[in-house]
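This report concerns only the one structure given below.
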Amino acid sequence: MTPEEIEHAVDAGMPQTVEDLKRLAAIPSVAFPGHAEAPVLEAAALVERLLRAAGLPHVRQIPVEGSFPAVFAEAPAPDGAPTVLLYAHYDVQPSGDLALWRTPPFEPTIVDGVMYGRGVADDKSGVITHVAALRAFGGRFPVGVKVIVEGQEEYAGERLEAFVAANPELLRADAMVIADVGNPEVGEPALTTSLRGMAAFTIEVRTLAEALHSGAFGGAAPDALAALMRMLSAMHDDNGVVRVPGLESGAFPGETLPEEEFRALAGVLDGVSLVGDGSLADRLWASYAITVTGLDVPTVSGAINAVQAVARARVTLRIPASGSAQQALDDVTAFLDKVAPWGVKVSFGDFVIGSGFQIEPGGPAMNAAERALERAFGRPPRQVGQGGSIPLVAALARQFPTAEILLYGAEDDGASIHAPNERVVLEELRRTITTEALFLADYGGWHGAS
């Protein structure tokens with residue numbers, strides 16, 4: 001197929017593509033503990049059908065120990081052509097506070113060319129990018145194709161790492177496309193060359209056998225919530241710089257972001273300062289970040305006059321590509337133990353870790369991807385880092401050191417992933433699908449495929 005024929009096929013398929021994304025995003029496939037498992041399995045089944053309808057001759061679900069099934073598909077390579085592995089995930093983040101959503105999170109809604117709903121960007125847009133790009137070839141692919149779509153990336157993506165190590169031939173490929181990132185801005189193409197690692201844990205502080213009346217006991221009885229607040233706030237200095245020993249700031253070698261652009265993108269209120277030190281690129285892509293993502297304490301509306309006996313928090317770390325997730329986890333938990341006041345009882349649990357990744361540019365797959373991005377978006381792409389973590393990427397790099405790994409996608413920094421009102425711009429999705437189809441054709445041609 002010529003580039004013009006590929007572009008026409010993608011354009012003609014967009015109505016079906018949009019409907020496919022709406023169907024998939026309507027399924028509340030939250031793979032976190034405490035959420036129903038049936039919708040996650042329903043999403044896996046739909047992904048299986050979509051890949052089969054895209055022309056892949058071999059599609060099946062594969063069990064992943066301790067997790068939801070991965071959907072795997074493949075088509076053999078033409079003579080002399082390389083094989084490309086395409087990755088995405090079909091699980092999504094919980095919706096969070098429904099009152100903050102302008103449209104129902106699992107009723108995908110299109111407004112002025114933008115689709116809103118949980119998972120429409122992260123990462124069901126990635127699933128649909130693969131489906132629609134493959135469909136453009138009508139079953140005659142210019143490269144060998146393998147597709148792996150996992151079902152628990154958002155909560156426990158590291159569980160697929162053991163699967164990769166145990167099944168190397170299943171996933172072996174010359175190039176691997178990770179469609180779980182995006183561009184800094186809509187219409188501004190980028191290849192992600194650096195990913196932060198991540199770690200997370202739950203901390204629990206206990207001080208009393210049970211909560212006590214604050215009038216009778218307050219002022220002498222140790223409050224678990226007050227102790228936890230002191231411990232959590234000790235992890236940063238007054239400027240928001242991480243002060244945990246061992247977690248030093250780094251430097252990102254590529255372009256940084258203008259502060260005004262970042263403030264607008266993040267919705268930082270007038271008069272509120274940014275935190276941390278170094279350039280924005282240093283802070284976002286090359287340094288450690290610590291975020292308290294949840295607290296188990298009485299709500300304001302349900303508060304009673306009591307000294308709290310127990311308090312819990314969920315803490316997430318973001319780790320530069322050169323750092324060790326396990327070491328950072330050990331450093332932070334040791335620090336919290338050290339700064340715990342009043343002899344309170346501290347325990348940690350529910351650990352999650354994932355490695356970061358740094359990509360070396362310049363291979364034939366990356367060159368083909370850059371050409372495809374430039375044609376689809378009308379401007380050359382730039383190389384950026386991403387603050388998000390994709391545990392599978394580091395596992396693939398370890399298992400297949402000669403494979404080129406490419407990261408791009410239809411998300412953008414304003415897509416509100418992991419937040420209320422998540423959205424994907426449909427024109428951005430079309431350009432990303434076009435990119436992938438052009439890349440597959442270009443990369444196959446580079447190796448002499450017919």
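Each chain in the structure tokens gets a letter, A, B, ..., in the order shown, and its residues are numbered from 1; ligands are numbered from 1 in order too.
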
Report task. Tell me which protein, DNA and RNA residues are within 7 Å of Glu154 (chain A), counting only C-alpha atoms, leaving out same-chain ones fewer than 4 positions away, and put them as a PyMOL selection string. Result -> chain A and resi 91-93

Could you please take those selected residues and save C-alpha atoms as a PDB file, in the first residue's frame?
```pdb
ATOM      1  CA  ASP A  91      -7.820  -2.042  32.279  1.00  0.00           C
ATOM      2  CA  VAL A  92      -8.423   1.474  33.570  1.00  0.00           C
ATOM      3  CA  GLN A  93      -8.102   3.591  36.685  1.00  0.00           C
TER       4      GLN A  93
END
```

Report task. Mind listing the strand (DSSP E) residues of region 108-266 of chain A, per DSSP on the backbone, as a ChimeraX atom specification? Result -> /A:109-111,114-116,144-150,175-178,182-183,190-195,197-206,212-213

File of the preceding selection, C-alpha atoms, as a PDB file, in the first residue's frame:
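Contents of selection-v9.pdb, freshly written:
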```pdb
ATOM      1  CA  THR A 109     -19.491  11.224  25.384  1.00  0.00           C
ATOM      2  CA  ILE A 110     -18.300  13.172  22.331  1.00  0.00           C
ATOM      3  CA  VAL A 111     -18.302  16.965  22.528  1.00  0.00           C
ATOM      4  CA  VAL A 114     -13.392  15.175  21.889  1.00  0.00           C
ATOM      5  CA  MET A 115     -14.421  11.926  23.590  1.00  0.00           C
ATOM      6  CA  TYR A 116     -14.739  11.987  27.380  1.00  0.00           C
ATOM      7  CA  GLY A 144       4.994  -9.895  11.153  1.00  0.00           C
ATOM      8  CA  VAL A 145       2.577  -8.788  13.854  1.00  0.00           C
ATOM      9  CA  LYS A 146       2.278  -9.728  17.494  1.00  0.00           C
ATOM     10  CA  VAL A 147      -0.146  -7.980  19.821  1.00  0.00           C
ATOM     11  CA  ILE A 148      -0.221  -8.222  23.620  1.00  0.00           C
ATOM     12  CA  VAL A 149      -2.952  -6.354  25.525  1.00  0.00           C
ATOM     13  CA  GLU A 150      -2.745  -6.818  29.279  1.00  0.00           C
ATOM     14  CA  ALA A 175      10.601  -3.757  17.231  1.00  0.00           C
ATOM     15  CA  MET A 176       8.063  -3.140  19.975  1.00  0.00           C
ATOM     16  CA  VAL A 177       5.475  -0.374  20.036  1.00  0.00           C
ATOM     17  CA  ILE A 178       4.156   0.716  23.423  1.00  0.00           C
ATOM     18  CA  GLY A 182       1.317  10.605  24.168  1.00  0.00           C
ATOM     19  CA  ASN A 183       2.359  14.055  23.023  1.00  0.00           C
ATOM     20  CA  ALA A 190       6.703  13.121  20.102  1.00  0.00           C
ATOM     21  CA  LEU A 191       8.532   9.898  20.766  1.00  0.00           C
ATOM     22  CA  THR A 192       9.049   9.110  24.435  1.00  0.00           C
ATOM     23  CA  THR A 193      12.654   8.151  25.136  1.00  0.00           C
ATOM     24  CA  SER A 194      12.643   8.155  28.941  1.00  0.00           C
ATOM     25  CA  LEU A 195      10.194   6.644  31.438  1.00  0.00           C
ATOM     26  CA  GLY A 197       9.995   3.928  37.292  1.00  0.00           C
ATOM     27  CA  MET A 198       7.516   3.734  40.122  1.00  0.00           C
ATOM     28  CA  ALA A 199       6.926   2.267  43.542  1.00  0.00           C
ATOM     29  CA  ALA A 200       3.968   2.413  45.890  1.00  0.00           C
ATOM     30  CA  PHE A 201       3.060   1.251  49.364  1.00  0.00           C
ATOM     31  CA  THR A 202       0.536   1.670  52.143  1.00  0.00           C
ATOM     32  CA  ILE A 203       1.669   2.980  55.538  1.00  0.00           C
ATOM     33  CA  GLU A 204      -0.338   2.409  58.719  1.00  0.00           C
ATOM     34  CA  VAL A 205       0.199   4.239  62.025  1.00  0.00           C
ATOM     35  CA  ARG A 206      -1.352   3.005  65.300  1.00  0.00           C
ATOM     36  CA  LEU A 212     -10.995   8.271  72.264  1.00  0.00           C
ATOM     37  CA  HIS A 213     -13.173  11.292  73.070  1.00  0.00           C
TER      38      HIS A 213
END
```

Query raised in the report: Running DSSP on the backbone, which parts of region 129-261 of chain A land in alpha helix (DSSP H), as a count of residues only?
Result: 40

Requested in this report: Would you mind telling me which residue in A:Val384, A:Val297, A:Met366, A:Leu160 lies nearest to Ala281 (chain A) when using only C-alpha atoms?
Outcome: A:Val384

Query - Polymer residues at most 9 Å from His58 (chain A), only C-alpha atoms, same-chain spacing of 4 or more positions, as a ChimeraX atom specification - result: /A:52,72-75

Requested in this report: Enter the distance from CA of Met14 (chain A) to CA of Asp413 (chain A), in Å, rounded to one decimal.
Outcome: 23.1 Å

Query - All residues 8 Å or closer to Ala437 (chain A), only C-alpha atoms, same chain fewer than 5 positions away omitted, as JSON, numbers by chain - result: {"A": [6, 133, 134, 136]}

Generate a file of the selected residues that holds N, CA and C atoms, formatted as a short mmCIF file (atom, residue, chain, number, x, y, z; two decimals), in the first residue's frame.
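And here is the file that came out, again09.cif:
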```
data_model
loop_
_atom_site.label_atom_id
_atom_site.label_comp_id
_atom_site.auth_asym_id
_atom_site.auth_seq_id
_atom_site.Cartn_x
_atom_site.Cartn_y
_atom_site.Cartn_z
N ILE A 6 -2.84 4.19 2.53
CA ILE A 6 -2.94 3.95 3.97
C ILE A 6 -3.74 5.07 4.63
N ALA A 133 -5.11 0.59 13.01
CA ALA A 133 -3.95 0.59 12.11
C ALA A 133 -3.84 -0.73 11.38
N LEU A 134 -4.06 -1.83 12.08
CA LEU A 134 -4.00 -3.15 11.43
C LEU A 134 -5.15 -3.33 10.44
N ALA A 136 -6.43 -1.25 8.58
CA ALA A 136 -6.19 -0.51 7.34
C ALA A 136 -5.53 -1.38 6.27
#
```

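Here the question is which of A:Pro184, A:Leu21, A:Val307, A:Gly246 gets nearest to Ala209 (chain A) using only C-alpha atoms, and that residue is A:Val307.
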
Requested in this report: Do a neighbour search on Thr17 (chain A) at 12 Å with only C-alpha atoms, toss out local chain neighbours closer than 5 positions, and write the hits as a PyMOL selection string.
Outcome: chain A and resi 9-12+22-24+50+53-54+124-136+426-427+429-430+433

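If you measure from each of A:Ala234, A:Ala303, A:Val344, A:Ala266 to Pro222 (chain A) using only C-alpha atoms, the closest one turns out to be A:Val344.
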
Query raised in the report: Near Gly363 (chain A), within 12 Å and counting only C-alpha atoms, which residues show up once chain neighbours fewer than 4 positions away are dropped, as a PyMOL selection string?
Result: chain A and resi 174-175+359+367-370+402-406+443+446

Would you mind exporting the chosen residues as a JSON list (two decimals), in the first residue's frame, restricted to N, CA and C atoms?
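Once written, result26.json looks like this:
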```json
[["chain", "number", "residue", "atom", "x", "y", "z"],
["A", 174, "ASP", "N", 11.38, -7.78, 16.48],
["A", 174, "ASP", "CA", 12.47, -6.87, 16.12],
["A", 174, "ASP", "C", 12.23, -5.46, 16.64],
["A", 175, "ALA", "N", 10.97, -5.07, 16.71],
["A", 175, "ALA", "CA", 10.60, -3.76, 17.23],
["A", 175, "ALA", "C", 9.34, -3.92, 18.07],
["A", 359, "ILE", "N", 15.71, 5.03, 26.39],
["A", 359, "ILE", "CA", 15.83, 4.52, 25.03],
["A", 359, "ILE", "C", 16.99, 5.19, 24.32],
["A", 367, "ASN", "N", 13.77, 5.42, 13.23],
["A", 367, "ASN", "CA", 13.80, 6.30, 12.06],
["A", 367, "ASN", "C", 12.50, 6.21, 11.26],
["A", 368, "ALA", "N", 11.98, 4.98, 11.12],
["A", 368, "ALA", "CA", 10.71, 4.80, 10.41],
["A", 368, "ALA", "C", 9.56, 5.46, 11.17],
["A", 369, "ALA", "N", 9.59, 5.34, 12.50],
["A", 369, "ALA", "CA", 8.54, 5.97, 13.31],
["A", 369, "ALA", "C", 8.60, 7.49, 13.21],
["A", 370, "GLU", "N", 9.80, 8.04, 13.18],
["A", 370, "GLU", "CA", 9.93, 9.50, 13.05],
["A", 370, "GLU", "C", 9.39, 9.97, 11.71],
["A", 402, "THR", "N", 18.21, -6.54, 21.94],
["A", 402, "THR", "CA", 18.46, -6.04, 20.58],
["A", 402, "THR", "C", 17.21, -5.44, 19.94],
["A", 403, "ALA", "N", 16.06, -5.59, 20.55],
["A", 403, "ALA", "CA", 14.82, -5.06, 19.97],
["A", 403, "ALA", "C", 14.74, -3.55, 20.20],
["A", 404, "GLU", "N", 14.22, -2.84, 19.20],
["A", 404, "GLU", "CA", 13.96, -1.41, 19.38],
["A", 404, "GLU", "C", 12.59, -1.23, 20.02],
["A", 405, "ILE", "N", 12.52, -0.37, 21.02],
["A", 405, "ILE", "CA", 11.27, -0.12, 21.72],
["A", 405, "ILE", "C", 10.85, 1.32, 21.44],
["A", 406, "LEU", "N", 9.63, 1.48, 20.94],
["A", 406, "LEU", "CA", 9.10, 2.78, 20.56],
["A", 406, "LEU", "C", 7.89, 3.10, 21.44],
["A", 443, "TYR", "N", 8.60, 0.39, 7.89],
["A", 443, "TYR", "CA", 9.53, -0.54, 8.54],
["A", 443, "TYR", "C", 9.58, -1.87, 7.79],
["A", 446, "TRP", "N", 11.63, -1.26, 4.65],
["A", 446, "TRP", "CA", 13.06, -1.11, 4.94],
["A", 446, "TRP", "C", 13.76, -2.46, 4.93]]
```

Report task. Would you mind listing what lies within 12 Å of Ala226 (chain A) as a VMD selection string, with only C-alpha atoms counted and same-chain residues fewer than 6 positions away left out? Result -> chain A and resid 205 to 207 218 to 219 232 to 233 297 307 to 312 340 to 342 344

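One distance worth recording is that between CA of Gly80 (chain A) and CA of Met1 (chain A), which is 17.2 Å.
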